[in-house]
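As stored in coords-v4.cif (mmCIF, C-alpha atoms):
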data_work
loop_
_atom_site.label_atom_id
_atom_site.label_comp_id
_atom_site.auth_asym_id
_atom_site.auth_seq_id
_atom_site.Cartn_x
_atom_site.Cartn_y
_atom_site.Cartn_z
CA MET H 17 52.08 -48.11 170.23
CA ALA H 18 51.71 -47.19 166.58
CA GLU H 19 53.82 -44.27 165.46
CA ILE H 20 52.14 -40.91 165.99
CA PRO H 21 51.60 -39.18 162.65
CA ASN H 22 53.50 -35.98 162.26
CA GLU H 23 50.26 -34.11 161.53
CA MET H 24 48.95 -35.13 164.97
CA MET H 25 51.73 -33.28 166.82
CA THR H 26 50.95 -29.77 167.99
CA GLN H 27 54.31 -28.37 166.87
CA GLY H 28 53.65 -24.85 168.04
CA ARG H 29 50.22 -24.50 166.47
CA PRO H 30 47.88 -22.23 168.46
CA VAL H 31 44.59 -23.12 170.12
CA ASP H 32 41.74 -22.87 167.61
CA PRO H 33 38.72 -21.73 169.65
CA VAL H 34 36.26 -21.77 166.75
CA PHE H 35 34.04 -24.84 166.37
CA GLN H 36 31.67 -24.99 163.40
CA ASP H 37 28.23 -26.44 164.17
CA ASP H 38 28.72 -29.31 161.73
CA GLU H 39 32.18 -30.27 162.95
CA ARG H 40 32.24 -33.78 164.36
CA LEU H 41 33.82 -34.69 167.67
CA PHE H 42 35.27 -38.16 168.18
CA ARG H 43 35.35 -40.05 171.45
CA ARG H 44 36.90 -43.42 172.23
CA PHE H 45 34.65 -46.03 173.92
CA HIS H 46 35.12 -49.46 175.45
CA PRO H 47 33.64 -52.52 173.68
CA ASP H 48 31.41 -53.13 176.72
CA ASP H 49 29.74 -49.78 176.08
CA LEU H 50 27.95 -51.11 173.02
CA GLU H 51 24.37 -51.79 174.09
CA ASP H 52 21.91 -53.45 171.73
CA GLY H 53 23.76 -52.00 168.76
CA GLY H 54 23.69 -48.51 170.23
CA ILE H 55 26.06 -46.69 172.52
CA SER H 56 25.59 -46.77 176.27
CA SER H 57 25.54 -43.55 178.20
CA ASP H 58 28.43 -45.13 180.11
CA ALA H 59 30.63 -44.12 177.18
CA VAL H 60 29.97 -40.47 177.95
CA GLU H 61 31.03 -38.54 181.02
CA LEU H 62 31.56 -35.10 182.42
CA PRO H 63 33.42 -33.08 183.51
CA ASP H 64 35.85 -32.15 180.76
CA MET H 65 34.90 -34.99 178.43
CA SER H 66 37.84 -35.80 176.16
CA VAL H 67 37.20 -35.78 172.42
CA ASN H 68 39.18 -35.17 169.24
CA ARG H 69 38.18 -32.68 166.55
CA SER H 70 37.41 -34.02 163.09
CA LYS H 71 38.80 -30.75 161.70
CA TYR H 72 42.29 -31.84 162.64
CA GLY H 73 42.36 -35.61 162.28
CA PRO H 74 40.55 -38.90 161.65
CA PRO H 75 38.93 -41.08 164.33
CA GLU H 76 41.65 -43.72 163.94
CA TRP H 77 44.06 -41.44 165.82
CA LEU H 78 42.18 -42.18 169.05
CA LEU H 79 43.13 -45.84 168.87
CA LEU H 80 46.85 -45.59 168.12
CA ASP H 81 47.83 -46.71 171.62
CA GLU H 82 47.81 -50.51 171.68
CA GLU H 83 45.79 -50.62 174.91
CA PHE H 84 42.91 -49.09 172.95
CA GLU H 85 43.26 -51.16 169.80
CA ASP H 86 40.01 -53.09 170.44
CA TRP H 87 38.01 -49.98 171.49
CA GLY H 88 35.55 -48.14 169.25
CA VAL H 89 35.08 -44.50 168.39
CA LEU H 90 31.80 -42.63 168.49
CA SER H 91 31.13 -39.28 166.92
CA PHE H 92 28.63 -36.46 167.30
CA ARG H 93 28.30 -33.00 165.81
CA VAL H 94 29.08 -29.86 167.77
CA ASP H 95 25.50 -28.65 167.34
CA GLN H 96 24.23 -31.89 168.96
CA ILE H 97 25.71 -30.93 172.32
CA PRO H 98 22.87 -29.82 174.59
CA VAL H 99 24.21 -26.30 175.02
CA GLU H 100 21.94 -25.01 177.76
CA LEU H 101 19.88 -26.81 180.38
CA ILE H 102 17.85 -25.50 183.28
CA HIS H 103 17.64 -27.94 186.17
CA ASN H 104 14.60 -27.95 188.46
CA GLY H 105 13.57 -24.65 186.93
CA GLN H 106 16.35 -22.72 188.59
CA THR H 107 19.93 -23.92 188.07
CA HIS H 108 21.45 -22.83 184.77
CA TYR H 109 23.93 -25.16 183.08
CA THR H 110 25.82 -24.57 179.85
CA PHE H 111 28.05 -26.93 177.86
CA LEU H 112 30.73 -25.95 175.36
CA PRO H 113 33.53 -27.61 173.39
CA GLN H 114 37.01 -26.31 174.11
CA HIS H 115 40.13 -26.96 172.05
CA VAL H 116 42.75 -28.30 174.50
CA PRO H 117 45.67 -29.47 172.35
CA HIS H 118 48.20 -31.87 173.78
CA ARG H 119 51.80 -31.90 172.60
CA ARG H 120 51.28 -35.24 170.84
CA ASN H 121 47.58 -34.76 170.04
CA TYR H 122 46.72 -31.40 168.49
CA PRO H 123 43.03 -32.33 167.81
CA HIS H 124 42.40 -33.04 171.52
CA SER H 125 39.47 -31.11 172.91
CA GLU H 126 37.09 -31.30 175.83
CA VAL H 127 33.41 -30.66 176.40
CA TRP H 128 33.16 -28.44 179.45
CA ALA H 129 30.17 -27.97 181.73
CA PHE H 130 29.41 -24.71 183.53
CA CYS H 131 27.03 -24.28 186.46
CA GLU H 132 25.82 -20.70 186.73
CA GLY H 133 28.90 -19.75 184.74
CA GLU H 134 31.39 -21.67 186.90
CA HIS H 135 33.44 -24.34 185.14
CA VAL H 136 32.64 -27.75 186.64
CA THR H 137 35.84 -29.74 187.24
CA ASP H 138 36.78 -32.92 189.10
CA GLN H 139 37.21 -30.75 192.19
CA THR H 140 33.78 -29.10 191.84
CA MET H 141 31.75 -32.09 190.63
CA SER H 142 29.21 -31.45 193.38
CA LEU H 143 27.99 -28.55 191.21
CA LEU H 144 26.82 -31.05 188.59
CA ASP H 145 23.48 -32.53 189.58
CA PRO H 146 23.63 -36.33 189.06
CA ASP H 147 20.17 -36.49 187.45
CA LEU H 148 21.04 -33.74 184.99
CA HIS H 149 24.37 -35.45 184.30
CA LEU H 150 22.55 -38.72 183.53
CA ARG H 151 20.19 -37.00 181.08
CA TRP H 152 23.02 -35.13 179.38
CA ARG H 153 25.03 -38.34 178.93
CA GLN H 154 22.04 -40.20 177.52
CA THR H 155 21.33 -37.35 175.10
CA ILE H 156 24.89 -37.49 173.73
CA ALA H 157 24.70 -41.29 173.53
CA TRP H 158 21.50 -41.05 171.49
CA GLN H 159 22.99 -38.44 169.18
CA SER H 160 26.20 -40.36 168.60
CA LYS H 161 27.08 -42.48 165.61
CA ILE H 162 29.66 -45.22 165.58
CA ALA H 163 32.70 -44.05 163.64
CA ILE H 164 34.77 -47.16 164.36
CA THR H 165 33.13 -50.37 165.58
CA PRO H 166 34.94 -51.95 168.54
CA ASP H 167 35.92 -55.60 168.78
CA SER H 168 33.38 -57.90 170.40
CA PRO H 169 32.55 -57.05 174.02
CA SER H 170 34.28 -59.11 176.66
CA MET X 13 32.81 -73.09 194.42
CA GLU X 14 31.51 -72.10 191.01
CA PRO X 15 28.21 -70.19 190.95
CA SER X 16 25.44 -72.47 189.82
CA THR X 17 22.33 -70.39 189.40
CA GLN X 18 21.71 -67.23 187.41
CA ASP X 19 21.26 -65.31 190.65
CA GLU X 20 24.57 -66.56 191.98
CA LEU X 21 26.25 -65.64 188.72
CA TRP X 22 25.10 -62.03 188.95
CA LEU X 23 26.02 -61.74 192.61
CA ALA X 24 29.42 -63.25 191.85
CA LYS X 25 29.87 -60.78 189.03
CA LEU X 26 29.16 -57.94 191.40
CA ASP X 27 31.48 -59.34 194.06
CA ASP X 28 34.19 -59.58 191.44
CA VAL X 29 33.30 -56.29 189.83
CA LEU X 30 36.87 -55.14 189.82
CA SER X 31 38.51 -58.32 188.65
CA SER X 32 35.69 -59.33 186.29
CA GLN X 33 35.97 -56.11 184.35
CA PRO X 34 38.51 -55.98 181.55
CA GLU X 35 41.73 -54.47 182.78
CA SER X 36 41.52 -51.59 180.35
CA ARG X 37 38.15 -50.55 181.81
CA THR X 38 39.23 -50.55 185.45
CA LYS X 39 42.38 -48.73 184.43
CA HIS X 40 40.50 -45.82 182.90
CA PHE X 41 37.42 -45.45 185.08
CA PRO X 42 37.19 -44.62 188.79
CA VAL X 43 37.27 -47.66 191.05
CA PRO X 44 33.91 -48.24 192.80
CA THR X 45 33.91 -47.49 196.50
CA GLU X 46 32.76 -49.96 199.13
CA THR X 47 29.61 -47.88 199.58
CA ALA X 48 28.81 -48.06 195.88
CA ILE X 49 29.37 -51.82 195.87
CA ALA X 50 27.22 -52.26 198.99
CA ASN X 51 24.36 -50.26 197.48
CA ALA X 52 24.66 -52.17 194.22
CA ARG X 53 24.61 -55.47 196.11
CA SER X 54 21.51 -54.43 198.01
CA PHE X 55 19.72 -53.32 194.83
CA LEU X 56 20.78 -56.44 192.93
CA GLY X 57 19.52 -58.63 195.77
CA GLU X 58 16.12 -56.95 195.65
CA LEU X 59 16.02 -57.26 191.86
CA LEU X 60 16.93 -60.95 191.84
CA SER X 61 14.36 -61.66 194.54
CA THR X 62 11.65 -60.57 192.11
CA GLY X 63 12.76 -63.24 189.64
CA ASN X 64 14.29 -60.72 187.25
CA ASN X 65 17.87 -60.34 186.07
CA PRO X 66 19.80 -57.29 184.97
CA THR X 67 20.86 -57.12 181.35
CA ARG X 68 24.06 -55.24 182.10
CA LEU X 69 26.28 -54.69 185.12
CA THR X 70 29.40 -52.63 184.79
CA ILE X 71 31.69 -50.09 186.36
CA SER X 72 30.27 -46.66 185.68
CA ALA X 73 32.42 -44.18 183.84
CA VAL X 74 31.40 -41.54 186.38
CA GLY X 75 32.45 -43.59 189.42
CA GLY X 76 30.36 -46.39 190.84
CA ILE X 77 28.38 -49.30 189.47
CA ALA X 78 25.67 -49.22 186.81
CA ILE X 79 22.99 -51.90 186.66
CA THR X 80 20.66 -51.91 183.67
CA ARG X 81 17.41 -53.71 182.93
CA ARG X 82 16.18 -53.54 179.38
CA ASN X 83 12.96 -54.61 177.65
CA GLY X 84 12.94 -53.85 173.95
CA THR X 85 13.67 -50.19 173.40
CA ARG X 86 13.17 -49.25 177.03
CA LYS X 87 15.74 -49.43 179.77
CA VAL X 88 16.14 -48.49 183.39
CA MET X 89 19.73 -47.84 184.43
CA VAL X 90 20.48 -47.56 188.12
CA GLU X 91 23.76 -45.93 189.05
CA CYS X 92 25.13 -46.56 192.52
CA LEU X 93 27.63 -43.75 192.74
CA ASN X 94 30.86 -43.57 194.69
CA ASN X 95 29.48 -40.68 196.74
CA SER X 96 26.78 -43.08 198.07
CA GLN X 97 23.98 -41.52 196.01
CA VAL X 98 21.79 -43.70 193.78
CA HIS X 99 20.09 -42.39 190.65
CA ALA X 100 17.87 -44.04 188.07
CA LEU X 101 17.48 -43.25 184.38
CA PHE X 102 14.32 -44.33 182.55
CA ALA X 103 14.97 -44.07 178.80
CA ASP X 104 13.29 -45.14 175.57
CA ASP X 105 15.66 -45.55 172.61
CA GLU X 106 12.79 -45.27 170.14
CA THR X 107 11.10 -42.08 171.30
CA HIS X 108 14.14 -40.53 173.00
CA GLN X 109 11.95 -39.72 175.97
CA MET X 110 13.59 -40.05 179.35
CA HIS X 111 13.37 -39.07 182.95
CA THR X 112 15.54 -39.50 186.00
CA ARG X 113 15.12 -39.57 189.72
CA ASN X 114 17.20 -40.12 192.79
CA VAL X 115 16.65 -43.31 194.77
CA GLN X 116 16.78 -43.89 198.49
CA PRO X 117 19.42 -46.61 198.99
CA THR X 118 17.24 -48.64 201.33
CA PRO X 119 15.36 -51.92 200.81
CA LEU X 120 12.09 -49.97 200.63
CA GLY X 121 13.61 -47.43 198.23
CA PHE X 122 14.85 -50.18 195.95
CA ARG X 123 11.55 -52.10 196.07
CA THR X 124 9.66 -48.92 195.17
CA LEU X 125 12.05 -48.33 192.27
CA LEU X 126 11.63 -51.91 191.04
CA ALA X 127 7.85 -51.60 191.03
CA GLU X 128 8.15 -48.36 189.10
CA SER X 129 10.64 -49.98 186.72
CA ASP X 130 8.31 -52.90 186.03
CA GLY X 131 5.56 -50.49 185.07
CA TYR X 132 7.90 -48.53 182.80
CA LEU X 133 9.55 -51.52 181.12
CA ASN X 134 6.27 -53.31 180.51
CA GLY X 135 4.22 -50.24 179.77
#
As a first step, turn the structure in this file into structure tokens.
Amino acid sequence: MAEIPNEMMTQGRPVDPVFQDDERLFRRFHPDDLEDGGISSDAVELPDMSVNRSKYGPPEWLLLDEEFEDWGVLSFRVDQIPVELIHNGQTHYTFLPQHVPHRRNYPHSEVWAFCEGEHVTDQTMSLLDPDLHLRWRQTIAWQSKIAITPDSPS
Amino acid sequence: MEPSTQDELWLAKLDDVLSSQPESRTKHFPVPTETAIANARSFLGELLSTGNNPTRLTISAVGGIAITRRNGTRKVMVECLNNSQVHALFADDETHQMHTRNVQPTPLGFRTLLAESDGYLNG
């Protein structure tokens, strides 16, 4: 693994809860998730989708681990997250970025989903309607740009 | 025995879905359940029987198997999920129009979906 830059370490810095609309979020994706030059919705997933904040580091930091060296990085702006969706005219979903720093990755953040105000987690995935999840993933895939092109798909 | 026809190649790919995927992918995504694999096999069989092939078959990031057919800017992605549900996404990369629906994981359900997919992909 490449050495982690000192600036990437949290080193006691606090959580920064403020995301500007034009801040970009970076997400690592597998080479197989390139589809006809675009990004497959398979590169995007809830709940708690891991991303890194552009405010605190470049996209290259997502590929420092050698097992990810051939992966790519996509990016999208905070204001491109579908913030609010109503499913079947009744169920209210919201989606928000959250800064979740790790000790060795201060920029680490997650996009959280809420169903009627309740945070959807791995344990409560049944709250997330699969059709709505599919549409949300495809929306992010369409909005995303490739920040780092992966090596050729396998 | 090595697969010889295109159909056999796709079925072999599905049978080997764990080992045929790059190690880094299976390491980071949920392993498909037997139910997901069985539903994917059933759908793939119906698809191949129509003389069509998928354009993509992979482990889904959300747990299960995703099978995609694409024609130009349009695609239909069928996700056979680990919880035994099957959902289809109809999406157009040019217009960014899309819709989804759940699919009954039965031969009739898959044949109905394939007829609908043909109309969408060739429409």
Task: 8 Å contacts from chain H to chain X using only C-alpha atoms, as a list in words - done: His46, Asp58, Ala59, Val60, Glu61, Leu62, Glu83, Phe84, Pro146, Asp147, Leu150, Arg151, Trp158 and Ser170 of chain H
- [ ] Please provide as a ChimeraX atom specification all residues within 8 Å of Val31 in chain H, with the sequence filter that same-chain residues fewer than 3 positions apart are discarded (counting all atoms listed in the file).
- [x] /H:115-117
Task: Hits of the PyMOL selection byres ((chain H and resi 73-78) around 7) in this structure, as a ChimeraX atom specification - done: /H:42,44,69-72,79-80,89,123,163
Task: Reference answer for the PyMOL selection byres ((chain H and resi 155) around 9), as a PyMOL selection string - done: (chain H and resi 57+96-98+150-154+156-160) or (chain X and resi 108)
- [ ] Considering all atoms listed in the file, return as a list of chain:residue names whatever protein or nucleic-acid residues lie within 9 Å of Arg120 in chain H, sequence-local ones (same chain, fewer than 4 positions apart) excluded.
- [x] H:Ile20, H:Asn22, H:Met24, H:Met25, H:Thr26, H:Gln27
- [ ] Give the answer as one residue: which of X:Leu56, X:Ala48, X:Leu126, X:Leu133 has the shortest atom-to-atom distance to Leu21 in chain X, using only C-alpha atoms?
- [x] X:Leu56
Task: Separation of CA of Glu58 in chain X from CA of Ile77 in chain X in Å - done: 15.7 Å
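Using all atoms listed in the file for every distance, the candidate list H:Ile55, H:Val67, H:Leu144, H:Ala18 yields H:Val67 as the residue closest to His124 in chain H.
Restricting the calculation to all atoms listed in the file, the smallest distance between Phe55 in chain X and any of X:Val43, X:Ala24, X:Ile79, X:Val88 is found for X:Ile79.
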For this structure, which residues satisfy the selection - the PyMOL selection byres ((chain H and resi 105-109) around 9) - when it is evaluated on the file as given? I want them as an mmCIF file with C-alpha atoms, in the frame of the given file.
data_model
loop_
_atom_site.group_PDB
_atom_site.id
_atom_site.type_symbol
_atom_site.label_atom_id
_atom_site.label_comp_id
_atom_site.auth_asym_id
_atom_site.auth_seq_id
_atom_site.Cartn_x
_atom_site.Cartn_y
_atom_site.Cartn_z
ATOM 1 C CA VAL H 99 24.210 -26.300 175.020
ATOM 2 C CA GLU H 100 21.940 -25.010 177.760
ATOM 3 C CA LEU H 101 19.880 -26.810 180.380
ATOM 4 C CA ILE H 102 17.850 -25.500 183.280
ATOM 5 C CA HIS H 103 17.640 -27.940 186.170
ATOM 6 C CA ASN H 104 14.600 -27.950 188.460
ATOM 7 C CA THR H 110 25.820 -24.570 179.850
ATOM 8 C CA PHE H 111 28.050 -26.930 177.860
ATOM 9 C CA ALA H 129 30.170 -27.970 181.730
ATOM 10 C CA PHE H 130 29.410 -24.710 183.530
ATOM 11 C CA CYS H 131 27.030 -24.280 186.460
ATOM 12 C CA GLU H 132 25.820 -20.700 186.730
ATOM 13 C CA GLY H 133 28.900 -19.750 184.740
ATOM 14 C CA LEU H 144 26.820 -31.050 188.590
#
Task: Pick from X:Val90, X:Gly121, X:Ala127, X:Asn65, whichever lies nearest to Ala52 in chain X using all atoms listed in the file - done: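 Under the stated criterion, the closest residue is X:Val90.
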- [ ] Find the distance between CA of Ser54 in chain X and CA of Asn134 in chain X and write it in Å to one decimal.
- [x] 23.2 Å
- [ ] Work out how far CA of Pro21 in chain H is from CA of Arg40 in chain H, in Å to one decimal.
- [x] 20.2 Å
Open item on the list: Restricting the calculation to all atoms listed in the file: of H:Trp128, H:Asp138, H:Glu19, H:Val94, which residue gets closest to Asp81 in chain H?
Closed with: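 Checking each candidate against Asp81 in chain H, we get H:Glu19 as the closest.
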TODO: Select, from H:Leu41, H:Arg29, H:Lys161, H:Pro63, the residue with the minimum atom-to-atom distance to Asp145 in chain H, counting only C-alpha atoms.
DONE: H:Pro63
